[in-house]
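Raw contents of work-v3.txt, compact mmCIF, C-alpha atoms:
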```txt
# COMPACT_ATOMS: atom_id res chain seq x y z
CA MET Y 1 24.58 17.37 3.70
CA ILE Y 2 20.90 18.21 4.14
CA THR Y 3 19.85 21.80 3.62
CA ILE Y 4 16.32 22.95 4.21
CA ASP Y 5 15.83 26.36 2.71
CA HIS Y 6 12.79 28.48 3.60
CA ILE Y 7 10.18 25.77 3.08
CA SER Y 8 6.47 26.29 3.61
CA LYS Y 9 3.67 23.79 3.27
CA TRP Y 10 -0.10 23.92 3.44
CA TYR Y 11 -2.80 21.30 3.78
CA GLY Y 12 -5.57 23.16 2.02
CA LYS Y 13 -5.67 26.45 3.88
CA PHE Y 14 -3.97 25.17 6.99
CA GLN Y 15 -0.29 26.00 7.09
CA VAL Y 16 1.71 23.11 8.54
CA LEU Y 17 5.19 24.45 7.86
CA ALA Y 18 6.05 28.13 7.83
CA ASP Y 19 9.35 29.29 6.41
CA CYS Y 20 11.54 26.59 7.96
CA SER Y 21 15.28 26.68 7.35
CA THR Y 22 18.01 24.53 8.80
CA GLY Y 23 20.80 22.24 7.77
CA ILE Y 24 22.46 19.03 8.83
CA GLU Y 25 26.16 18.38 8.35
CA ARG Y 26 27.68 15.02 7.56
CA GLY Y 27 27.95 12.95 10.74
CA GLU Y 28 25.72 15.28 12.70
CA VAL Y 29 22.86 14.04 14.90
CA VAL Y 30 19.96 16.46 15.10
CA VAL Y 31 16.92 15.93 17.28
CA VAL Y 32 13.67 17.62 16.31
CA CYS Y 33 11.16 18.07 19.12
CA GLY Y 34 8.05 20.06 19.86
CA PRO Y 35 4.41 19.65 20.87
CA SER Y 36 2.20 17.42 18.73
CA GLY Y 37 0.88 19.15 15.65
CA SER Y 38 3.93 21.37 15.48
CA GLY Y 39 4.92 20.00 12.07
CA LYS Y 40 8.01 18.03 13.07
CA SER Y 41 6.89 14.77 11.43
CA THR Y 42 5.86 16.65 8.32
CA LEU Y 43 9.24 18.37 8.20
CA ILE Y 44 11.14 15.10 8.31
CA LYS Y 45 8.90 13.57 5.62
CA CYS Y 46 9.67 16.51 3.36
CA VAL Y 47 13.38 15.68 3.50
CA ASN Y 48 12.95 12.55 1.38
CA GLY Y 49 9.99 13.92 -0.54
CA LEU Y 50 7.27 11.76 1.00
CA GLU Y 51 5.45 15.03 1.54
CA PRO Y 52 5.70 17.72 -1.12
CA VAL Y 53 6.38 21.33 -0.15
CA GLN Y 54 4.77 24.32 -1.82
CA GLU Y 55 7.56 26.83 -1.22
CA GLY Y 56 11.27 26.68 -0.65
CA ALA Y 57 13.90 24.10 -1.48
CA ILE Y 58 15.48 21.04 0.11
CA ARG Y 59 18.81 19.64 -1.00
CA VAL Y 60 20.30 16.33 0.06
CA ASN Y 61 23.92 15.76 -0.92
CA ASP Y 62 23.49 18.55 -3.48
CA VAL Y 63 20.49 16.90 -5.12
CA ALA Y 64 17.34 19.02 -5.05
CA VAL Y 65 14.51 17.01 -3.48
CA THR Y 66 12.07 19.70 -4.49
CA ASP Y 67 12.92 19.65 -8.22
CA ALA Y 68 10.42 17.91 -10.46
CA GLY Y 69 13.16 16.28 -12.53
CA THR Y 70 14.93 14.59 -9.63
CA ASN Y 71 15.06 10.80 -9.61
CA MET Y 72 13.24 10.43 -6.31
CA ALA Y 73 13.57 6.65 -6.08
CA ARG Y 74 17.34 6.90 -6.38
CA LEU Y 75 17.55 9.70 -3.86
CA ARG Y 76 15.31 7.93 -1.36
CA SER Y 77 17.31 4.72 -1.63
CA GLN Y 78 20.24 6.64 -0.13
CA ILE Y 79 18.26 7.92 2.85
CA GLY Y 80 17.04 5.43 5.41
CA MET Y 81 13.76 6.09 7.17
CA VAL Y 82 12.23 4.62 10.31
CA PHE Y 83 8.57 5.19 11.13
CA GLN Y 84 6.52 5.53 14.28
CA HIS Y 85 4.46 2.44 13.48
CA PHE Y 86 7.38 0.40 12.05
CA GLU Y 87 5.60 -0.24 8.73
CA LEU Y 88 7.25 -3.57 8.14
CA TYR Y 89 5.74 -5.53 5.27
CA PRO Y 90 3.41 -7.91 7.15
CA HIS Y 91 3.33 -10.57 4.44
CA MET Y 92 7.09 -11.07 4.31
CA SER Y 93 9.45 -12.74 6.72
CA VAL Y 94 11.85 -10.55 8.66
CA LEU Y 95 14.65 -11.60 6.31
CA ASN Y 96 12.66 -10.71 3.19
CA ASN Y 97 11.66 -7.37 4.68
CA ILE Y 98 15.34 -6.50 4.83
CA CYS Y 99 16.07 -7.98 1.39
CA LEU Y 100 13.27 -6.49 -0.75
CA ALA Y 101 14.68 -3.06 -1.53
CA GLN Y 102 18.24 -4.37 -1.66
CA GLU Y 103 17.24 -6.67 -4.50
CA LYS Y 104 14.70 -4.49 -6.31
CA VAL Y 105 16.38 -1.10 -5.93
CA LEU Y 106 20.09 -1.81 -5.57
CA ASN Y 107 19.93 -4.93 -7.77
CA ARG Y 108 21.88 -6.99 -5.30
CA SER Y 109 21.78 -10.74 -5.79
CA ARG Y 110 19.62 -12.82 -3.49
CA GLU Y 111 22.69 -14.26 -1.73
CA GLU Y 112 24.29 -10.87 -1.31
CA ALA Y 113 21.08 -9.38 0.11
CA ARG Y 114 20.59 -12.28 2.50
CA ALA Y 115 24.14 -12.11 3.74
CA LYS Y 116 23.75 -8.39 4.39
CA ALA Y 117 20.42 -8.98 6.15
CA ARG Y 118 21.86 -11.71 8.34
CA SER Y 119 24.81 -9.61 9.43
CA LEU Y 120 22.46 -6.74 10.31
CA LEU Y 121 20.15 -9.07 12.22
CA GLN Y 122 23.12 -10.29 14.17
CA ARG Y 123 24.04 -6.73 14.97
CA ILE Y 124 20.58 -5.95 16.38
CA ASP Y 125 20.59 -9.29 18.17
CA LEU Y 126 17.68 -10.83 16.27
CA SER Y 127 19.40 -13.56 14.26
CA ASP Y 128 17.03 -16.20 15.58
CA GLN Y 129 13.97 -14.30 14.31
CA ALA Y 130 14.95 -14.13 10.63
CA ASP Y 131 12.20 -16.41 9.39
CA LYS Y 132 9.41 -15.04 11.55
CA TYR Y 133 6.80 -12.60 10.31
CA PRO Y 134 6.61 -9.06 11.70
CA GLY Y 135 3.29 -9.81 13.42
CA GLN Y 136 5.03 -12.44 15.53
CA LEU Y 137 7.55 -9.99 16.98
CA SER Y 138 7.23 -7.50 19.82
CA GLY Y 139 7.07 -3.79 19.02
CA GLY Y 140 10.66 -3.21 20.03
CA GLN Y 141 11.86 -6.09 17.90
CA GLN Y 142 9.84 -4.84 14.94
CA GLN Y 143 11.34 -1.38 15.21
CA ARG Y 144 14.85 -2.83 15.34
CA VAL Y 145 14.08 -4.83 12.20
CA ALA Y 146 12.82 -1.62 10.59
CA ILE Y 147 16.13 0.05 11.42
CA ALA Y 148 17.98 -2.92 9.93
CA ARG Y 149 15.83 -2.69 6.81
CA ALA Y 150 16.85 0.94 6.39
CA LEU Y 151 20.53 0.25 7.12
CA ALA Y 152 20.62 -2.56 4.56
CA MET Y 153 20.57 0.10 1.85
CA ASP Y 154 23.86 1.58 3.13
CA PRO Y 155 22.24 4.99 3.54
CA ILE Y 156 24.18 8.25 3.72
CA ALA Y 157 21.72 9.55 6.31
CA MET Y 158 18.92 8.22 8.48
CA LEU Y 159 15.57 9.82 9.29
CA PHE Y 160 13.66 8.71 12.38
CA ASP Y 161 10.03 9.73 12.75
CA GLU Y 162 9.10 9.23 16.42
CA PRO Y 163 10.69 5.77 16.48
CA THR Y 164 9.78 5.01 20.09
CA SER Y 165 6.38 6.70 20.47
CA ALA Y 166 4.39 3.56 19.71
CA LEU Y 167 6.41 1.33 22.00
CA ASP Y 168 5.75 0.05 25.49
CA PRO Y 169 8.13 1.70 27.97
CA GLU Y 170 10.19 -1.43 28.55
CA MET Y 171 10.95 -1.71 24.84
CA ILE Y 172 12.06 1.86 24.27
CA ASN Y 173 15.60 1.28 25.44
CA GLU Y 174 16.37 -1.61 23.12
CA VAL Y 175 15.55 0.67 20.19
CA LEU Y 176 17.36 3.68 21.62
CA ASP Y 177 20.45 1.54 22.21
CA VAL Y 178 20.62 0.70 18.52
CA MET Y 179 20.19 4.38 17.65
CA VAL Y 180 22.86 5.51 20.09
CA GLU Y 181 25.23 2.96 18.61
CA LEU Y 182 24.50 4.31 15.13
CA ALA Y 183 25.06 7.87 16.28
CA THR Y 184 28.40 7.08 17.88
CA GLU Y 185 29.49 5.36 14.66
CA GLY Y 186 29.10 8.68 12.92
CA MET Y 187 25.83 8.17 11.03
CA THR Y 188 24.12 11.38 9.93
CA MET Y 189 20.78 11.36 11.71
CA MET Y 190 17.66 13.48 11.91
CA VAL Y 191 15.47 12.24 14.73
CA VAL Y 192 11.97 13.39 15.61
CA THR Y 193 11.51 12.28 19.21
CA HIS Y 194 10.43 13.18 22.70
CA GLU Y 195 13.25 11.16 24.25
CA MET Y 196 15.20 13.99 25.80
CA GLY Y 197 17.61 11.55 27.40
CA PHE Y 198 18.58 10.39 23.93
CA ALA Y 199 18.91 13.99 22.77
CA ARG Y 200 21.22 14.89 25.64
CA LYS Y 201 23.33 11.84 25.12
CA VAL Y 202 24.04 11.91 21.41
CA ALA Y 203 22.47 14.93 19.70
CA ASP Y 204 24.73 17.65 18.40
CA ARG Y 205 21.84 20.03 17.96
CA VAL Y 206 18.22 20.28 18.96
CA ILE Y 207 15.56 21.88 16.83
CA PHE Y 208 12.39 22.95 18.62
CA MET Y 209 9.27 23.46 16.53
CA ASP Y 210 5.93 25.01 17.32
CA GLU Y 211 2.98 25.76 15.04
CA GLY Y 212 4.94 24.91 11.92
CA ARG Y 213 7.89 27.14 12.72
CA ILE Y 214 11.40 26.37 13.82
CA VAL Y 215 11.43 28.29 17.08
CA GLU Y 216 14.80 27.21 18.32
CA ASP Y 217 17.81 25.62 16.63
CA ALA Y 218 20.68 25.34 19.06
CA PRO Y 219 23.56 23.09 20.17
CA THR Y 220 22.26 20.49 22.62
CA GLU Y 221 23.85 21.89 25.79
CA GLU Y 222 22.65 25.36 25.01
CA PHE Y 223 19.12 24.16 24.27
CA PHE Y 224 18.75 22.35 27.59
CA ASN Y 225 20.56 24.84 29.79
CA THR Y 226 19.52 28.18 28.37
CA PRO Y 227 16.57 27.84 26.00
CA ARG Y 228 15.93 31.26 24.52
CA SER Y 229 12.25 31.07 23.67
CA ASP Y 230 9.39 30.92 26.16
CA ARG Y 231 7.71 28.16 24.18
CA ALA Y 232 10.74 25.90 24.40
CA GLN Y 233 11.10 26.63 28.10
CA ALA Y 234 7.47 25.75 28.73
CA PHE Y 235 7.80 22.58 26.64
CA LEU Y 236 10.92 21.44 28.45
CA ALA Y 237 9.38 22.19 31.84
CA LYS Y 238 6.44 19.98 30.91
CA ILE Y 239 8.30 16.95 29.62
CA LEU Y 240 11.22 17.04 32.03
CA GLN Y 241 8.97 17.22 35.08
CA HIS Y 242 9.07 13.52 35.83
CA MET Z 1 -17.58 -22.17 -19.09
CA VAL Z 2 -19.09 -18.74 -19.56
CA ALA Z 3 -18.50 -17.93 -15.92
CA LEU Z 4 -14.87 -19.09 -15.96
CA ALA Z 5 -13.95 -17.21 -19.13
CA ALA Z 6 -15.77 -14.12 -17.86
CA TRP Z 7 -14.00 -14.42 -14.51
CA VAL Z 8 -10.61 -14.24 -16.20
CA ILE Z 9 -11.63 -10.94 -17.82
CA ALA Z 10 -13.26 -9.69 -14.64
CA PHE Z 11 -10.22 -10.42 -12.50
CA ALA Z 12 -7.69 -8.97 -14.95
CA VAL Z 13 -9.64 -5.84 -15.89
CA GLY Z 14 -10.95 -5.41 -12.34
CA SER Z 15 -7.45 -5.52 -10.87
CA VAL Z 16 -6.14 -2.92 -13.30
CA VAL Z 17 -9.12 -0.61 -12.79
CA GLY Z 18 -9.05 -1.10 -9.02
CA VAL Z 19 -5.38 -0.15 -8.86
CA ALA Z 20 -6.01 2.77 -11.20
CA ARG Z 21 -8.59 4.13 -8.75
CA THR Z 22 -5.89 4.47 -6.08
CA VAL Z 23 -2.91 5.88 -8.00
CA PRO Z 24 -1.74 9.48 -7.49
CA ASN Z 25 -2.45 10.49 -11.12
CA ARG Z 26 -5.81 12.26 -11.23
CA LEU Z 27 -6.63 11.56 -14.89
CA VAL Z 28 -6.10 7.83 -14.47
CA ARG Z 29 -8.26 7.87 -11.35
CA THR Z 30 -11.08 9.68 -13.12
CA LEU Z 31 -11.04 7.26 -16.04
CA ALA Z 32 -11.16 4.28 -13.70
CA THR Z 33 -14.00 5.79 -11.68
CA THR Z 34 -15.94 6.45 -14.87
CA TYR Z 35 -15.51 2.81 -15.88
CA VAL Z 36 -16.77 1.55 -12.54
CA GLU Z 37 -19.78 3.85 -12.44
CA LEU Z 38 -20.70 3.08 -16.04
CA PHE Z 39 -20.58 -0.69 -15.75
CA ARG Z 40 -22.03 -1.17 -12.33
CA ASN Z 41 -24.93 1.22 -12.76
CA ILE Z 42 -26.46 -0.29 -15.90
CA PRO Z 43 -28.60 -3.37 -15.18
CA LEU Z 44 -26.81 -6.54 -16.21
CA LEU Z 45 -29.68 -7.66 -18.42
CA VAL Z 46 -29.59 -4.37 -20.33
CA GLN Z 47 -25.84 -4.73 -20.75
CA MET Z 48 -26.33 -8.24 -22.09
CA PHE Z 49 -28.66 -6.88 -24.80
CA LEU Z 50 -26.31 -3.98 -25.52
CA TRP Z 51 -23.37 -6.30 -26.16
CA TYR Z 52 -25.38 -8.73 -28.26
CA PHE Z 53 -27.81 -6.58 -30.23
CA VAL Z 54 -26.47 -3.02 -30.17
CA LEU Z 55 -22.70 -3.38 -30.34
CA PRO Z 56 -22.62 -4.89 -33.89
CA GLU Z 57 -24.68 -1.92 -35.12
CA LEU Z 58 -22.22 0.56 -33.62
CA MET Z 59 -19.24 -1.07 -35.28
CA PRO Z 60 -18.04 -0.12 -38.77
CA VAL Z 61 -20.29 -1.80 -41.32
CA GLU Z 62 -17.82 -4.53 -42.27
CA VAL Z 63 -17.03 -5.50 -38.71
CA GLY Z 64 -20.73 -5.35 -37.78
CA ARG Z 65 -21.67 -7.65 -40.63
CA TRP Z 66 -18.92 -10.09 -39.68
CA MET Z 67 -20.10 -10.07 -36.07
CA LYS Z 68 -23.67 -10.81 -37.10
CA ARG Z 69 -22.98 -13.39 -39.79
CA ASP Z 70 -19.63 -15.08 -39.53
CA MET Z 71 -18.40 -14.71 -35.98
CA PRO Z 72 -18.36 -18.18 -34.45
CA ASN Z 73 -20.61 -18.58 -31.47
CA PRO Z 74 -21.65 -14.91 -31.02
CA GLU Z 75 -23.87 -15.62 -27.99
CA PHE Z 76 -20.93 -17.05 -26.12
CA SER Z 77 -18.55 -14.17 -26.81
CA SER Z 78 -21.18 -11.55 -26.03
CA ALA Z 79 -22.10 -13.23 -22.77
CA VAL Z 80 -18.46 -13.62 -21.72
CA LEU Z 81 -17.56 -10.01 -22.55
CA CYS Z 82 -20.68 -8.67 -20.90
CA LEU Z 83 -20.29 -10.64 -17.67
CA GLY Z 84 -16.54 -10.06 -17.63
CA PHE Z 85 -16.65 -6.29 -17.98
CA TYR Z 86 -19.63 -5.93 -15.64
CA THR Z 87 -18.04 -8.03 -12.90
CA ALA Z 88 -14.73 -6.23 -13.45
CA SER Z 89 -16.35 -3.05 -12.12
CA ARG Z 90 -17.32 -4.91 -8.96
CA VAL Z 91 -13.92 -6.57 -8.61
CA ALA Z 92 -12.29 -3.17 -9.08
CA GLU Z 93 -14.16 -1.84 -6.06
CA GLN Z 94 -13.01 -4.77 -3.94
CA VAL Z 95 -9.41 -4.29 -5.03
CA ARG Z 96 -9.62 -0.57 -4.29
CA ALA Z 97 -11.13 -1.24 -0.86
CA GLY Z 98 -8.35 -3.72 -0.15
CA ILE Z 99 -5.62 -1.26 -1.09
CA GLU Z 100 -7.21 1.65 0.74
CA SER Z 101 -7.58 -0.37 3.92
CA LEU Z 102 -3.78 -0.50 4.19
CA SER Z 103 -2.13 2.30 6.10
CA ILE Z 104 -0.47 5.05 4.10
CA GLY Z 105 2.64 4.37 6.15
CA LEU Z 106 3.13 1.04 4.43
CA SER Z 107 3.46 2.67 1.02
CA HIS Z 108 5.59 5.41 2.58
CA ALA Z 109 7.94 2.70 3.82
CA GLY Z 110 8.15 1.29 0.32
CA TYR Z 111 8.76 4.65 -1.33
CA ALA Z 112 11.26 5.66 1.36
CA SER Z 113 13.40 2.63 0.54
CA GLY Z 114 13.57 3.72 -3.09
CA LEU Z 115 10.91 1.48 -4.64
CA THR Z 116 9.04 2.95 -7.59
CA THR Z 117 5.25 3.29 -7.59
CA SER Z 118 4.76 0.08 -9.56
CA GLN Z 119 7.16 -1.80 -7.30
CA VAL Z 120 5.31 -0.56 -4.20
CA TYR Z 121 2.08 -1.92 -5.67
CA ARG Z 122 3.57 -5.17 -6.90
CA TYR Z 123 5.59 -6.18 -3.86
CA VAL Z 124 3.83 -4.47 -0.97
CA LEU Z 125 0.26 -3.27 -1.52
CA LEU Z 126 -1.21 -5.89 -3.85
CA PRO Z 127 0.04 -9.05 -2.13
CA ILE Z 128 -1.56 -7.87 1.11
CA SER Z 129 -4.73 -6.51 -0.51
CA TYR Z 130 -5.45 -9.69 -2.45
CA ARG Z 131 -5.21 -11.70 0.75
CA LEU Z 132 -7.63 -9.34 2.49
CA ILE Z 133 -10.21 -9.53 -0.28
CA VAL Z 134 -10.38 -13.29 -0.74
CA PRO Z 135 -13.77 -13.50 1.07
CA PRO Z 136 -15.55 -10.81 -1.00
CA MET Z 137 -13.90 -12.18 -4.15
CA THR Z 138 -15.46 -15.54 -3.39
CA SER Z 139 -18.85 -13.82 -3.42
CA GLU Z 140 -18.01 -12.14 -6.69
CA PHE Z 141 -17.11 -15.44 -8.26
CA LEU Z 142 -20.33 -17.06 -7.06
CA THR Z 143 -22.24 -14.07 -8.40
CA ILE Z 144 -20.65 -14.21 -11.84
CA PHE Z 145 -21.40 -17.89 -11.98
CA LYS Z 146 -25.06 -17.40 -11.12
CA ASN Z 147 -25.34 -14.30 -13.30
CA SER Z 148 -24.23 -16.41 -16.24
CA SER Z 149 -27.78 -17.79 -16.29
CA LEU Z 150 -28.84 -14.43 -17.76
CA ALA Z 151 -27.03 -15.41 -20.95
CA LEU Z 152 -30.07 -17.51 -21.87
CA THR Z 153 -31.82 -14.26 -22.78
CA ILE Z 154 -29.52 -13.85 -25.77
CA GLY Z 155 -29.88 -17.50 -26.72
CA LEU Z 156 -26.88 -19.08 -25.08
CA LEU Z 157 -27.59 -22.62 -24.03
CA GLU Z 158 -26.12 -22.56 -20.57
CA LEU Z 159 -27.32 -24.64 -17.62
CA THR Z 160 -30.60 -22.85 -16.97
CA ALA Z 161 -31.49 -22.68 -20.65
CA GLN Z 162 -30.80 -26.36 -21.08
CA SER Z 163 -32.99 -27.28 -18.12
CA GLN Z 164 -35.71 -25.11 -19.64
CA GLN Z 165 -35.41 -26.98 -22.92
CA ILE Z 166 -35.46 -30.36 -21.26
CA SER Z 167 -38.56 -29.44 -19.31
CA GLU Z 168 -40.29 -28.18 -22.46
CA TYR Z 169 -39.52 -31.31 -24.46
CA THR Z 170 -40.19 -33.84 -21.73
CA PHE Z 171 -42.56 -32.01 -19.37
CA ASN Z 172 -40.32 -33.22 -16.55
CA SER Z 173 -39.84 -29.70 -15.20
CA PHE Z 174 -39.35 -30.87 -11.68
CA GLU Z 175 -36.45 -33.18 -12.53
CA ALA Z 176 -34.86 -30.77 -15.00
CA TYR Z 177 -34.75 -27.81 -12.61
CA THR Z 178 -33.82 -29.98 -9.65
CA ALA Z 179 -30.84 -31.27 -11.59
CA ALA Z 180 -29.88 -27.70 -12.51
CA THR Z 181 -30.22 -26.57 -8.92
CA VAL Z 182 -28.08 -29.44 -7.67
CA ILE Z 183 -25.37 -28.64 -10.21
CA TYR Z 184 -25.38 -24.93 -9.25
CA VAL Z 185 -25.20 -25.77 -5.56
CA VAL Z 186 -22.41 -28.31 -5.99
CA ILE Z 187 -20.28 -25.90 -8.02
CA ALA Z 188 -20.97 -23.04 -5.62
CA LEU Z 189 -20.21 -25.05 -2.51
CA SER Z 190 -17.02 -26.52 -3.90
CA THR Z 191 -15.91 -23.02 -4.87
CA THR Z 192 -16.56 -21.85 -1.35
CA VAL Z 193 -14.58 -24.72 0.13
CA LEU Z 194 -11.69 -24.15 -2.27
CA MET Z 195 -11.58 -20.44 -1.50
CA HIS Z 196 -11.62 -21.22 2.20
CA LEU Z 197 -8.59 -23.44 1.73
CA LEU Z 198 -6.90 -20.72 -0.28
CA GLU Z 199 -7.66 -18.22 2.47
CA SER Z 200 -6.02 -20.30 5.16
CA ARG Z 201 -3.07 -21.19 2.93
CA LEU Z 202 -2.37 -17.49 2.36
CA ARG Z 203 -2.91 -16.41 5.94
CA ILE Z 204 -0.01 -14.28 7.19
CA PRO Z 205 1.28 -15.48 10.55
CA GLY Z 206 0.68 -12.90 13.28
CA PHE Z 207 -1.16 -10.55 10.95
CA ILE Z 208 -4.68 -9.71 11.99
CA SER Z 209 -5.77 -6.97 9.66
CA LYS Z 210 -7.91 -5.24 12.27
CA ASP Z 211 -4.92 -4.67 14.52
CA GLU Z 212 -2.91 -3.09 11.76
CA ARG Z 213 -5.02 0.02 11.37
```

Could I get this structure in the form of structure tokens?
Amino acid sequence: MITIDHISKWYGKFQVLADCSTGIERGEVVVVCGPSGSGKSTLIKCVNGLEPVQEGAIRVNDVAVTDAGTNMARLRSQIGMVFQHFELYPHMSVLNNICLAQEKVLNRSREEARAKARSLLQRIDLSDQADKYPGQLSGGQQQRVAIARALAMDPIAMLFDEPTSALDPEMINEVLDVMVELATEGMTMMVVTHEMGFARKVADRVIFMDEGRIVEDAPTEEFFNTPRSDRAQAFLAKILQH
Amino acid sequence: MVALAAWVIAFAVGSVVGVARTVPNRLVRTLATTYVELFRNIPLLVQMFLWYFVLPELMPVEVGRWMKRDMPNPEFSSAVLCLGFYTASRVAEQVRAGIESLSIGLSHAGYASGLTTSQVYRYVLLPISYRLIVPPMTSEFLTIFKNSSLALTIGLLELTAQSQQISEYTFNSFEAYTAATVIYVVIALSTTVLMHLLESRLRIPGFISKDER
């Protein structure tokens, strides 16, 4: 469903992505990990065109993200994205956060959008918070709302950019639970994360990146049990120590 | 009157130019920057004279003649245009600062959900930015209101000019200028109070801008 074909990207002279290629099938859950600065967040932002690439091509559902003529707004509306710092609209209630794009992009009626939002809020167990503002919620609650906001668009795939990195430890699980549920329902997911427990549990494949390159791209079991590259071994040794 | 009419121009033009300074398109950004630098770097008094004395000369002959002879109340229109376009450059900078203080992630979130650039501005960036810049905008409004006294130099009988006339006719300078001062202060203070009310009305629950960076 998502194909990433030999993409390279530079910030000025600094190369952030070097010749990365991979693909994600429908219903597949792929975890992208690697040390900070390895380009994993940049890679995931290239998939929906938030970051442009200088070389190579990305196709989502056979639409070329990297073509100038592509209707990016339409393409993006089909791909949900969840950010490290939630990025909820602070001036709107939780309910309106979930309704905005439904109404403005998908042209759903106000009632339709609200009904959708309420059913999603129920699903993430936040029905009683619908009229609060993001600033009045905890980090974990905000991130769950952000997931609901993305799901409200009925996306064909979901991108997660370090969804739990900004959370206090006791809130990580409530967000991961929602993600695990999504994964088991068959959602196509690309997840940048350091949560190796999550990767083991639901990921079909793990991509390991270092210095802008995809160093390892292997089925989950294989990645954890017999990582081929030294870099991945060293990385795993470091984060699995505790 | 002059200040209010000029403020309408300043706010409208300033908002457009301020937004233009932040859009991805380089040409639009350059044009907007040129506007700001041009209007804020020429002394206001000089601009006042340019609008009133020089502009009619630069127009095609017919238009120029009409502006000099038949245009109703030329001092008023010149003063309003001058103050409006000058203050617009200052408002534009406030609007730009407001937009740029928001994290890039917020616009990413908008774009990622399929909103177009104008929708991201309209529904996400501007509503937050305008709330953030209410305090500096209050200053701008007070400034435009006090700057309107410069219009007396091109012969507009605004508050200061009228006090001047009263004091010349009656020799009661003390009373005339005291009255003017009191009127300025009353208008300025009530503006401040109103803007303060506006600020608290628009406050976003749980949103402290400093924590959002």

Contacts of range 83-89 of chain Z within 8 Å, only C-alpha atoms, excl. fewer than 2 positions in-chain, as an MDAnalysis selection string
chainID Z and resid 3 5:15 17 35:37 39:40 44 48 79:81 91:93 140 144 147:148

Same residues, C-alpha atoms, saved as a compact mmCIF listing (two decimals), keeping the file's coordinate frame:
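Output (result_9.txt):
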```txt
# COMPACT_ATOMS: atom_id res chain seq x y z
CA ALA Z 3 -18.50 -17.93 -15.92
CA ALA Z 5 -13.95 -17.21 -19.13
CA ALA Z 6 -15.77 -14.12 -17.86
CA TRP Z 7 -14.00 -14.42 -14.51
CA VAL Z 8 -10.61 -14.24 -16.20
CA ILE Z 9 -11.63 -10.94 -17.82
CA ALA Z 10 -13.26 -9.69 -14.64
CA PHE Z 11 -10.22 -10.42 -12.50
CA ALA Z 12 -7.69 -8.97 -14.95
CA VAL Z 13 -9.64 -5.84 -15.89
CA GLY Z 14 -10.95 -5.41 -12.34
CA SER Z 15 -7.45 -5.52 -10.87
CA VAL Z 17 -9.12 -0.61 -12.79
CA TYR Z 35 -15.51 2.81 -15.88
CA VAL Z 36 -16.77 1.55 -12.54
CA GLU Z 37 -19.78 3.85 -12.44
CA PHE Z 39 -20.58 -0.69 -15.75
CA ARG Z 40 -22.03 -1.17 -12.33
CA LEU Z 44 -26.81 -6.54 -16.21
CA MET Z 48 -26.33 -8.24 -22.09
CA ALA Z 79 -22.10 -13.23 -22.77
CA VAL Z 80 -18.46 -13.62 -21.72
CA LEU Z 81 -17.56 -10.01 -22.55
CA VAL Z 91 -13.92 -6.57 -8.61
CA ALA Z 92 -12.29 -3.17 -9.08
CA GLU Z 93 -14.16 -1.84 -6.06
CA GLU Z 140 -18.01 -12.14 -6.69
CA ILE Z 144 -20.65 -14.21 -11.84
CA ASN Z 147 -25.34 -14.30 -13.30
CA SER Z 148 -24.23 -16.41 -16.24
```

Counting all atoms listed in the file, what is within 9 Å of range 23-30 of chain Y, bar same-chain residues fewer than 6 positions away, as a list in words?
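Using all atoms listed in the file, the neighbours found are Met1, Ile2, Thr3, Ile4, Asp5, Ile156, Ala157, Ala183, Glu185, Gly186, Met187, Thr188, Met189, Met190, Val191, Val192, Ala199, Val202, Ala203, Asp204, Arg205, Val206, Ile207 and Thr220 of chain Y.
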
As a short mmCIF file (atom, residue, chain, number, x, y, z; two decimals) with C-alpha atoms, keeping the file's coordinate frame, could you give me every residue of chain Y near chain Z (at most 9 Å apart, counting all atoms listed in the file)?
```cif
data_model
loop_
_atom_site.label_atom_id
_atom_site.label_comp_id
_atom_site.auth_asym_id
_atom_site.auth_seq_id
_atom_site.Cartn_x
_atom_site.Cartn_y
_atom_site.Cartn_z
CA ASN Y 48 12.95 12.55 1.38
CA GLY Y 49 9.99 13.92 -0.54
CA LEU Y 50 7.27 11.76 1.00
CA MET Y 72 13.24 10.43 -6.31
CA ALA Y 73 13.57 6.65 -6.08
CA ARG Y 74 17.34 6.90 -6.38
CA LEU Y 75 17.55 9.70 -3.86
CA ARG Y 76 15.31 7.93 -1.36
CA SER Y 77 17.31 4.72 -1.63
CA GLN Y 78 20.24 6.64 -0.13
CA ILE Y 79 18.26 7.92 2.85
CA GLY Y 80 17.04 5.43 5.41
CA MET Y 81 13.76 6.09 7.17
CA VAL Y 82 12.23 4.62 10.31
CA PHE Y 83 8.57 5.19 11.13
CA HIS Y 85 4.46 2.44 13.48
CA PHE Y 86 7.38 0.40 12.05
CA GLU Y 87 5.60 -0.24 8.73
CA LEU Y 88 7.25 -3.57 8.14
CA TYR Y 89 5.74 -5.53 5.27
CA PRO Y 90 3.41 -7.91 7.15
CA HIS Y 91 3.33 -10.57 4.44
CA MET Y 92 7.09 -11.07 4.31
CA LEU Y 100 13.27 -6.49 -0.75
CA ALA Y 101 14.68 -3.06 -1.53
CA GLN Y 102 18.24 -4.37 -1.66
CA LYS Y 104 14.70 -4.49 -6.31
CA VAL Y 105 16.38 -1.10 -5.93
CA LEU Y 106 20.09 -1.81 -5.57
CA LYS Y 132 9.41 -15.04 11.55
CA TYR Y 133 6.80 -12.60 10.31
CA PRO Y 134 6.61 -9.06 11.70
CA GLY Y 135 3.29 -9.81 13.42
CA GLN Y 136 5.03 -12.44 15.53
CA LEU Y 137 7.55 -9.99 16.98
CA ARG Y 149 15.83 -2.69 6.81
CA ALA Y 150 16.85 0.94 6.39
CA MET Y 153 20.57 0.10 1.85
#
```
